[in-house]
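**Student:** What follows is the file coords-v9.csv, containing CSV, C-alpha atoms:
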```
chain,number,residue,atom,x,y,z
L,209,MET,CA,-22.6,-38.2,-10.8
L,210,PHE,CA,-25.5,-39.8,-12.5
L,211,HIS,CA,-26.4,-39.3,-16.2
L,212,GLY,CA,-29.8,-40.9,-16.8
L,213,GLU,CA,-30.8,-42.3,-20.1
L,214,GLY,CA,-34.5,-42.1,-20.9
L,215,GLY,CA,-37.0,-40.5,-23.1
L,216,ASP,CA,-38.3,-37.7,-20.8
L,217,ALA,CA,-37.6,-35.9,-17.6
L,218,LEU,CA,-40.0,-38.0,-15.5
L,219,ASP,CA,-38.4,-41.3,-16.6
L,220,ARG,CA,-34.8,-40.0,-16.1
L,221,PHE,CA,-35.6,-38.7,-12.7
L,222,THR,CA,-37.2,-42.0,-11.7
L,223,LYS,CA,-34.2,-43.9,-13.0
L,224,SER,CA,-31.9,-41.6,-10.9
L,225,LEU,CA,-33.8,-42.9,-7.8
L,226,GLU,CA,-32.7,-46.4,-8.7
L,227,GLU,CA,-29.1,-45.2,-8.6
L,228,TYR,CA,-29.6,-43.2,-5.4
L,229,PRO,CA,-32.4,-44.8,-3.4
L,230,ALA,CA,-34.4,-42.8,-0.9
L,231,GLU,CA,-37.9,-43.0,0.5
L,232,GLY,CA,-38.5,-39.3,0.1
L,233,VAL,CA,-36.9,-36.6,-2.0
L,234,VAL,CA,-36.6,-32.9,-1.8
L,235,ARG,CA,-36.5,-31.6,-5.3
L,236,VAL,CA,-34.9,-28.2,-6.0
L,237,ARG,CA,-35.3,-27.1,-9.6
L,238,GLY,CA,-32.1,-25.8,-11.3
L,239,ASP,CA,-33.8,-22.6,-12.4
L,240,ASN,CA,-34.8,-21.6,-8.9
L,241,PHE,CA,-31.8,-19.7,-7.7
L,242,PHE,CA,-33.3,-18.3,-4.5
L,243,VAL,CA,-34.6,-21.5,-2.9
L,244,ASP,CA,-34.8,-20.9,0.8
L,245,PRO,CA,-33.5,-23.6,3.2
L,246,GLY,CA,-36.0,-22.6,5.8
L,247,LEU,CA,-38.8,-23.4,3.4
L,248,ILE,CA,-37.2,-26.7,2.7
L,249,ASP,CA,-37.1,-27.5,6.4
L,250,ARG,CA,-40.8,-26.7,6.6
L,251,LEU,CA,-41.5,-29.2,3.7
L,252,VAL,CA,-39.6,-32.0,5.4
L,253,THR,CA,-41.2,-31.3,8.8
L,254,THR,CA,-44.6,-31.3,7.1
L,255,ALA,CA,-43.8,-34.6,5.3
L,256,GLN,CA,-42.6,-36.2,8.6
L,257,SER,CA,-45.7,-35.1,10.5
L,258,HIS,CA,-48.0,-36.4,7.7
L,259,PRO,CA,-46.5,-39.9,6.9
L,260,ASN,CA,-49.2,-40.8,4.4
L,261,CYS,CA,-48.4,-37.8,2.1
L,262,ASP,CA,-47.1,-38.5,-1.4
L,263,TYR,CA,-46.4,-34.9,-2.3
L,264,VAL,CA,-45.7,-31.8,-0.1
L,265,GLY,CA,-45.3,-28.4,-1.5
L,266,TYR,CA,-46.5,-24.8,-1.1
L,267,CYS,CA,-49.7,-23.3,-2.4
L,268,SER,CA,-49.7,-19.9,-4.1
L,269,ARG,CA,-52.4,-17.3,-3.6
L,270,ASP,CA,-54.1,-18.5,-6.8
L,271,GLY,CA,-54.5,-22.0,-5.3
L,272,ARG,CA,-52.0,-23.6,-7.6
L,273,PRO,CA,-48.8,-25.3,-6.4
L,274,ALA,CA,-46.2,-22.6,-5.8
L,275,ILE,CA,-43.6,-24.6,-7.6
L,276,LEU,CA,-45.4,-23.3,-10.8
L,277,SER,CA,-45.1,-19.7,-9.7
L,278,PRO,CA,-42.4,-17.3,-10.9
L,279,VAL,CA,-41.4,-16.6,-7.3
L,280,SER,CA,-38.9,-19.5,-7.3
L,281,VAL,CA,-38.0,-19.7,-3.6
L,282,TYR,CA,-39.7,-23.1,-3.3
L,283,ALA,CA,-38.7,-26.7,-3.4
L,284,GLU,CA,-41.0,-29.7,-3.2
L,285,TRP,CA,-41.0,-33.0,-1.4
L,286,PHE,CA,-42.4,-36.3,-2.7
L,287,ARG,CA,-42.4,-40.0,-1.8
L,288,THR,CA,-40.3,-42.0,-4.2
L,289,SER,CA,-42.9,-44.7,-4.5
L,290,ALA,CA,-45.4,-42.1,-5.6
L,291,LEU,CA,-43.1,-40.8,-8.3
L,292,ARG,CA,-42.5,-44.4,-9.6
L,293,ARG,CA,-46.3,-44.8,-9.8
L,294,ALA,CA,-46.6,-41.5,-11.6
L,295,ASN,CA,-43.9,-42.7,-14.1
L,296,ARG,CA,-46.0,-45.8,-14.8
L,297,LEU,CA,-49.3,-43.9,-15.2
L,298,ALA,CA,-48.4,-40.6,-16.8
L,299,ARG,CA,-49.1,-40.5,-20.6
L,300,ASP,CA,-49.5,-36.8,-21.5
L,301,LYS,CA,-46.4,-35.0,-22.7
L,302,PRO,CA,-46.6,-32.2,-20.0
L,303,ASP,CA,-46.8,-34.8,-17.3
L,304,ARG,CA,-43.7,-36.5,-18.7
L,305,GLU,CA,-41.7,-33.2,-19.2
L,306,HIS,CA,-42.3,-31.9,-15.7
L,307,VAL,CA,-41.1,-34.3,-13.1
L,308,THR,CA,-43.8,-33.8,-10.4
L,309,ARG,CA,-46.7,-32.5,-12.5
L,310,TYR,CA,-48.6,-35.8,-12.5
L,311,LEU,CA,-48.4,-36.0,-8.7
L,312,TYR,CA,-50.0,-32.7,-7.9
L,313,SER,CA,-52.3,-32.8,-10.9
L,314,HIS,CA,-54.0,-36.0,-9.6
L,315,PRO,CA,-55.1,-35.5,-6.0
L,316,GLU,CA,-57.6,-38.3,-6.5
L,317,GLN,CA,-54.6,-40.8,-6.9
L,318,PHE,CA,-52.1,-39.2,-4.5
L,319,ASN,CA,-52.2,-37.7,-1.0
L,320,ILE,CA,-51.2,-34.1,-1.6
L,321,ARG,CA,-50.5,-31.5,1.0
L,322,LEU,CA,-50.0,-27.9,0.0
L,323,THR,CA,-48.9,-25.4,2.7
L,324,PRO,CA,-49.8,-21.8,2.1
L,325,ALA,CA,-46.8,-19.8,0.7
L,326,PRO,CA,-45.6,-16.8,2.7
L,327,THR,CA,-47.8,-13.9,1.6
L,328,GLU,CA,-44.9,-11.4,1.8
L,329,ILE,CA,-43.2,-13.1,-1.2
L,330,ASP,CA,-46.1,-14.8,-3.0
L,331,ARG,CA,-47.2,-11.7,-4.9
L,332,GLU,CA,-48.0,-10.9,-8.5
L,333,ASP,CA,-45.2,-8.3,-8.5
L,334,VAL,CA,-42.5,-10.7,-7.5
L,335,ARG,CA,-40.6,-12.6,-10.1
L,336,LEU,CA,-37.5,-14.6,-9.1
L,337,THR,CA,-37.4,-17.2,-11.8
L,338,VAL,CA,-34.7,-16.9,-14.4
L,339,ASP,CA,-36.4,-17.6,-17.8
L,340,ILE,CA,-35.3,-14.6,-19.8
L,341,GLU,CA,-32.3,-12.3,-19.9
L,342,GLU,CA,-34.1,-9.6,-17.9
L,343,ASP,CA,-34.8,-12.1,-15.1
L,344,TRP,CA,-31.0,-12.8,-14.9
L,345,GLU,CA,-30.4,-9.1,-14.5
L,346,HIS,CA,-32.9,-8.9,-11.7
L,347,ALA,CA,-31.3,-11.9,-10.0
L,348,LEU,CA,-27.9,-10.3,-10.2
L,349,ALA,CA,-29.2,-7.1,-8.7
L,350,ILE,CA,-30.8,-9.0,-5.8
L,351,TYR,CA,-27.6,-11.0,-5.3
L,352,GLU,CA,-25.4,-7.9,-5.3
L,353,ALA,CA,-27.7,-6.1,-2.9
L,354,LEU,CA,-28.0,-8.9,-0.4
L,355,GLY,CA,-24.8,-11.0,-0.9
L,356,PRO,CA,-24.6,-14.8,-0.9
L,357,GLU,CA,-25.3,-15.3,2.8
L,358,LEU,CA,-28.5,-13.3,3.1
L,359,LEU,CA,-30.7,-14.7,0.4
L,360,ASP,CA,-33.6,-16.0,2.5
L,361,TRP,CA,-37.1,-15.2,1.3
L,362,GLN,CA,-37.7,-12.6,4.1
L,363,ARG,CA,-34.7,-10.5,3.1
L,364,ILE,CA,-35.6,-10.7,-0.6
L,365,ALA,CA,-39.2,-9.7,0.2
L,366,SER,CA,-37.9,-6.8,2.3
L,367,LEU,CA,-35.5,-5.7,-0.4
L,368,LEU,CA,-38.3,-5.8,-3.1
L,369,ASN,CA,-40.6,-3.9,-0.8
L,370,HIS,CA,-38.2,-0.9,-1.2
L,371,GLN,CA,-37.9,-1.3,-4.9
L,372,PRO,CA,-41.3,-0.3,-6.5
L,373,ALA,CA,-39.9,0.2,-10.0
L,374,LEU,CA,-38.4,-3.3,-10.0
L,375,ARG,CA,-41.6,-4.8,-8.6
L,376,SER,CA,-43.6,-3.0,-11.3
L,377,ARG,CA,-41.4,-4.4,-14.0
L,378,MET,CA,-41.6,-7.9,-12.5
L,379,ALA,CA,-45.4,-7.6,-12.5
L,380,VAL,CA,-45.3,-6.8,-16.2
L,381,LEU,CA,-43.0,-9.7,-16.9
L,382,ASN,CA,-45.3,-12.1,-14.9
L,383,ARG,CA,-48.2,-11.0,-17.1
L,384,VAL,CA,-46.3,-11.3,-20.4
L,385,HIS,CA,-44.7,-14.6,-19.5
L,386,ALA,CA,-47.5,-16.2,-17.6
L,387,PRO,CA,-47.6,-20.0,-17.7
L,388,VAL,CA,-50.3,-21.6,-19.9
```
Please lay out the structure from this file as structure tokens.
**Tutor:**
Amino acid sequence: MFHGEGGDALDRFTKSLEEYPAEGVVRVRGDNFFVDPGLIDRLVTTAQSHPNCDYVGYCSRDGRPAILSPVSVYAEWFRTSALRRANRLARDKPDREHVTRYLYSHPEQFNIRLTPAPTEIDREDVRLTVDIEEDWEHALAIYEALGPELLDWQRIASLLNHQPALRSRMAVLNRVHAPV
């Protein structure tokens, strides 16, 4: 186990890569309970087939990196050398607080590849992040309905397709708790 010392998330994460060296990293955020292994495989395959990429992620319907969306089935891949460079260059507080923000916010400095997110789950009425208590209740309901072995994005999307009241509530929460 590694406990990084440092002033911010970007610095701590970069230091962890000194302890656990790698050329590329798949990052799964701790608040993304429904990250799909199949989507991770696509990230890694994309990174391998585009060896000059510094960052590989998914792109939401609004054109932003899907890692910022409330859908929370996504991970992201980045080259370690790119994160080290971001750690040296990033000055703004949001870039220091969010580990990969500087990478995908500076396509003029980094080779970014965003793959379209699956449209069946990338919707304004889907919210799988767990930021508030009601999100937790929704996550538990999904978990109880599908069980631990069947939590891929396709099954979650199918379940939510049959839950219009839940999707309606998720849409409201997405509008109320939209990122700035």
**Student:** I'd like to know which of L:Glu305, L:Arg293, L:Trp285, L:Asp262 is closest to Gly215 in chain L, using only C-alpha atoms.
**Tutor:** L:Glu305
**Student:** Between CA of Asn319 in chain L and CA of Lys301 in chain L, what is the spacing in Å?
**Tutor:**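 For CA of Lys301 in chain L relative to CA of Asn319 in chain L, the distance reads 22.6 Å.
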**Student:** So, counting only C-alpha atoms, which residue among L:Leu374, L:Val234, L:Leu381, L:Ala274 is closest to Ala349 in chain L?
**Tutor:** L:Leu374
**Student:** Between L:Ile340, L:Leu367, L:Leu247, L:Leu311, which is the closest to Pro326 in chain L once you count only C-alpha atoms?
**Tutor:**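 Result for the nearest residue to Pro326 in chain L: L:Leu247.
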**Student:** What's around Ala347 in chain L at 12 Å? Count only C-alpha atoms, leave out sequence neighbours fewer than 6 positions away in its own chain, and write the answer as number ranges by chain.
**Tutor:** L: 239-242, 279-280, 334-341, 353-356, 359, 364, 368, 374, 378
**Student:** Show me, as a PyMOL selection string, the residues that have an atom within 10 Å of range 248-258 of chain L when counting all atoms listed in the file, minus same-chain residues fewer than 3 positions from it.
**Tutor:** chain L and resi 232-236+243-245+261-266+281-287+319+321-323
**Student:** Could you please take those selected residues and save C-alpha atoms as a tab-separated table (two decimals), in the frame of the given file?
**Tutor:**
```tsv
chain	number	residue	atom	x	y	z
L	232	GLY	CA	-38.50	-39.30	0.10
L	233	VAL	CA	-36.90	-36.60	-2.00
L	234	VAL	CA	-36.60	-32.90	-1.80
L	235	ARG	CA	-36.50	-31.60	-5.30
L	236	VAL	CA	-34.90	-28.20	-6.00
L	243	VAL	CA	-34.60	-21.50	-2.90
L	244	ASP	CA	-34.80	-20.90	0.80
L	245	PRO	CA	-33.50	-23.60	3.20
L	261	CYS	CA	-48.40	-37.80	2.10
L	262	ASP	CA	-47.10	-38.50	-1.40
L	263	TYR	CA	-46.40	-34.90	-2.30
L	264	VAL	CA	-45.70	-31.80	-0.10
L	265	GLY	CA	-45.30	-28.40	-1.50
L	266	TYR	CA	-46.50	-24.80	-1.10
L	281	VAL	CA	-38.00	-19.70	-3.60
L	282	TYR	CA	-39.70	-23.10	-3.30
L	283	ALA	CA	-38.70	-26.70	-3.40
L	284	GLU	CA	-41.00	-29.70	-3.20
L	285	TRP	CA	-41.00	-33.00	-1.40
L	286	PHE	CA	-42.40	-36.30	-2.70
L	287	ARG	CA	-42.40	-40.00	-1.80
L	319	ASN	CA	-52.20	-37.70	-1.00
L	321	ARG	CA	-50.50	-31.50	1.00
L	322	LEU	CA	-50.00	-27.90	0.00
L	323	THR	CA	-48.90	-25.40	2.70
```
**Student:** Using all atoms listed in the file for the distances, tell me which of L:Asp216, L:Asp360, L:His346, L:Ala298 is nearest to Ala373 in chain L.
**Tutor:**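 Nearest to Ala373 in chain L: L:His346.
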**Student:** So, counting only C-alpha atoms, which residue among L:Leu297, L:Val307, L:Val384, L:Ile329 is closest to Arg220 in chain L?
**Tutor:**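 Nearest to Arg220 in chain L: L:Val307.
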**Student:** Measuring between all atoms listed in the file, which one of L:Ala325, L:Ile320, L:Val380, L:Leu225 shows the shortest distance to Cys267 in chain L?
**Tutor:**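 Of all the options, L:Ala325 lies closest to Cys267 in chain L.
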**Student:** Using Å and a single decimal, report how far CA of Asp219 in chain L sits from CA of Thr288 in chain L.
**Tutor:**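 Rounded to one decimal, the two atoms are 12.6 Å apart.
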**Student:** Quick one: pull the distance between CA of Pro278 in chain L and CA of Arg237 in chain L, Å, one decimal.
**Tutor:** 12.2 Å
**Student:** Which centre and which edge lengths, in Å to one decimal, describe the axis-aligned box that holds all listed atoms of range 302-315 of chain L after 6 Å is added on each side, as AutoDock Vina command-line options?
**Tutor:**
```
--center_x -48.1 --center_y -34.2 --center_z -13.0 --size_x 26.0 --size_y 16.6 --size_z 26.0
```
**Student:** Can you tell me, as a list of chain:residue names, which residues sit within 10 Å of (-48.9, -32.0, -12.0) in the file's frame, using all atoms listed in the file?
**Tutor:**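 Here the neighbourhood of the point contains L:Arg272, L:Pro273, L:Leu276, L:Ala294, L:Ala298, L:Pro302, L:Asp303, L:Arg304, L:His306, L:Val307, L:Thr308, L:Arg309, L:Tyr310, L:Leu311, L:Tyr312, L:Ser313, L:His314, L:Pro315.
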**Student:** Mind rebuilding range 308-328 of chain L with N, CA, C and O atoms and writing that out as a PDB file, in the frame of the given file?
**Tutor:**
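And here is the file that came out, result.pdb:
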```pdb
ATOM      1  N   THR L 308     -42.784 -33.599 -11.430  1.00  0.00           N
ATOM      2  CA  THR L 308     -43.800 -33.800 -10.400  1.00  0.00           C
ATOM      3  C   THR L 308     -45.216 -33.434 -10.817  1.00  0.00           C
ATOM      4  O   THR L 308     -46.151 -33.565 -10.028  1.00  0.00           O
ATOM      5  N   ARG L 309     -45.393 -32.965 -12.012  1.00  0.00           N
ATOM      6  CA  ARG L 309     -46.700 -32.500 -12.500  1.00  0.00           C
ATOM      7  C   ARG L 309     -47.812 -33.498 -12.283  1.00  0.00           C
ATOM      8  O   ARG L 309     -48.916 -33.172 -11.843  1.00  0.00           O
ATOM      9  N   TYR L 310     -47.543 -34.749 -12.629  1.00  0.00           N
ATOM     10  CA  TYR L 310     -48.600 -35.800 -12.500  1.00  0.00           C
ATOM     11  C   TYR L 310     -49.005 -35.961 -11.069  1.00  0.00           C
ATOM     12  O   TYR L 310     -50.187 -36.170 -10.792  1.00  0.00           O
ATOM     13  N   LEU L 311     -48.071 -35.854 -10.142  1.00  0.00           N
ATOM     14  CA  LEU L 311     -48.400 -36.000  -8.700  1.00  0.00           C
ATOM     15  C   LEU L 311     -49.417 -34.970  -8.264  1.00  0.00           C
ATOM     16  O   LEU L 311     -50.497 -35.307  -7.785  1.00  0.00           O
ATOM     17  N   TYR L 312     -49.074 -33.692  -8.405  1.00  0.00           N
ATOM     18  CA  TYR L 312     -50.000 -32.700  -7.900  1.00  0.00           C
ATOM     19  C   TYR L 312     -51.174 -32.410  -8.754  1.00  0.00           C
ATOM     20  O   TYR L 312     -52.139 -31.786  -8.324  1.00  0.00           O
ATOM     21  N   SER L 313     -51.169 -32.923  -9.977  1.00  0.00           N
ATOM     22  CA  SER L 313     -52.300 -32.800 -10.900  1.00  0.00           C
ATOM     23  C   SER L 313     -53.372 -33.866 -10.653  1.00  0.00           C
ATOM     24  O   SER L 313     -54.452 -33.806 -11.240  1.00  0.00           O
ATOM     25  N   HIS L 314     -53.053 -34.877  -9.843  1.00  0.00           N
ATOM     26  CA  HIS L 314     -54.000 -36.000  -9.600  1.00  0.00           C
ATOM     27  C   HIS L 314     -54.187 -36.262  -8.134  1.00  0.00           C
ATOM     28  O   HIS L 314     -53.801 -37.313  -7.609  1.00  0.00           O
ATOM     29  N   PRO L 315     -54.838 -35.310  -7.452  1.00  0.00           N
ATOM     30  CA  PRO L 315     -55.100 -35.500  -6.000  1.00  0.00           C
ATOM     31  C   PRO L 315     -56.004 -36.677  -5.703  1.00  0.00           C
ATOM     32  O   PRO L 315     -56.056 -37.147  -4.579  1.00  0.00           O
ATOM     33  N   GLU L 316     -56.711 -37.161  -6.731  1.00  0.00           N
ATOM     34  CA  GLU L 316     -57.600 -38.300  -6.500  1.00  0.00           C
ATOM     35  C   GLU L 316     -56.736 -39.617  -6.431  1.00  0.00           C
ATOM     36  O   GLU L 316     -57.205 -40.627  -5.919  1.00  0.00           O
ATOM     37  N   GLN L 317     -55.500 -39.581  -6.893  1.00  0.00           N
ATOM     38  CA  GLN L 317     -54.600 -40.800  -6.900  1.00  0.00           C
ATOM     39  C   GLN L 317     -53.506 -40.646  -5.843  1.00  0.00           C
ATOM     40  O   GLN L 317     -52.920 -41.667  -5.458  1.00  0.00           O
ATOM     41  N   PHE L 318     -53.171 -39.420  -5.434  1.00  0.00           N
ATOM     42  CA  PHE L 318     -52.100 -39.200  -4.500  1.00  0.00           C
ATOM     43  C   PHE L 318     -52.495 -38.325  -3.367  1.00  0.00           C
ATOM     44  O   PHE L 318     -53.355 -37.464  -3.523  1.00  0.00           O
ATOM     45  N   ASN L 319     -51.879 -38.545  -2.225  1.00  0.00           N
ATOM     46  CA  ASN L 319     -52.200 -37.700  -1.000  1.00  0.00           C
ATOM     47  C   ASN L 319     -51.269 -36.492  -1.110  1.00  0.00           C
ATOM     48  O   ASN L 319     -50.060 -36.577  -0.908  1.00  0.00           O
ATOM     49  N   ILE L 320     -51.891 -35.364  -1.406  1.00  0.00           N
ATOM     50  CA  ILE L 320     -51.200 -34.100  -1.600  1.00  0.00           C
ATOM     51  C   ILE L 320     -51.411 -33.180  -0.447  1.00  0.00           C
ATOM     52  O   ILE L 320     -52.525 -33.056   0.052  1.00  0.00           O
ATOM     53  N   ARG L 321     -50.362 -32.508  -0.012  1.00  0.00           N
ATOM     54  CA  ARG L 321     -50.500 -31.500   1.000  1.00  0.00           C
ATOM     55  C   ARG L 321     -49.768 -30.246   0.553  1.00  0.00           C
ATOM     56  O   ARG L 321     -48.568 -30.268   0.278  1.00  0.00           O
ATOM     57  N   LEU L 322     -50.536 -29.170   0.418  1.00  0.00           N
ATOM     58  CA  LEU L 322     -50.000 -27.900   0.000  1.00  0.00           C
ATOM     59  C   LEU L 322     -50.093 -26.911   1.178  1.00  0.00           C
ATOM     60  O   LEU L 322     -51.199 -26.646   1.660  1.00  0.00           O
ATOM     61  N   THR L 323     -48.966 -26.401   1.619  1.00  0.00           N
ATOM     62  CA  THR L 323     -48.900 -25.400   2.700  1.00  0.00           C
ATOM     63  C   THR L 323     -48.942 -24.037   2.108  1.00  0.00           C
ATOM     64  O   THR L 323     -48.274 -23.787   1.088  1.00  0.00           O
ATOM     65  N   PRO L 324     -49.704 -23.128   2.694  1.00  0.00           N
ATOM     66  CA  PRO L 324     -49.800 -21.800   2.100  1.00  0.00           C
ATOM     67  C   PRO L 324     -48.368 -21.139   2.028  1.00  0.00           C
ATOM     68  O   PRO L 324     -47.569 -21.197   2.974  1.00  0.00           O
ATOM     69  N   ALA L 325     -48.082 -20.553   0.892  1.00  0.00           N
ATOM     70  CA  ALA L 325     -46.800 -19.800   0.700  1.00  0.00           C
ATOM     71  C   ALA L 325     -46.837 -18.551   1.498  1.00  0.00           C
ATOM     72  O   ALA L 325     -47.908 -17.974   1.728  1.00  0.00           O
ATOM     73  N   PRO L 326     -45.680 -18.087   1.929  1.00  0.00           N
ATOM     74  CA  PRO L 326     -45.600 -16.800   2.700  1.00  0.00           C
ATOM     75  C   PRO L 326     -46.173 -15.666   1.816  1.00  0.00           C
ATOM     76  O   PRO L 326     -45.700 -15.446   0.701  1.00  0.00           O
ATOM     77  N   THR L 327     -47.156 -14.961   2.332  1.00  0.00           N
ATOM     78  CA  THR L 327     -47.800 -13.900   1.600  1.00  0.00           C
ATOM     79  C   THR L 327     -46.870 -12.745   1.227  1.00  0.00           C
ATOM     80  O   THR L 327     -47.067 -12.062   0.219  1.00  0.00           O
ATOM     81  N   GLU L 328     -45.844 -12.542   2.047  1.00  0.00           N
ATOM     82  CA  GLU L 328     -44.900 -11.400   1.800  1.00  0.00           C
ATOM     83  C   GLU L 328     -44.131 -11.594   0.512  1.00  0.00           C
ATOM     84  O   GLU L 328     -43.668 -10.605  -0.055  1.00  0.00           O
TER      85      GLU L 328
END
```
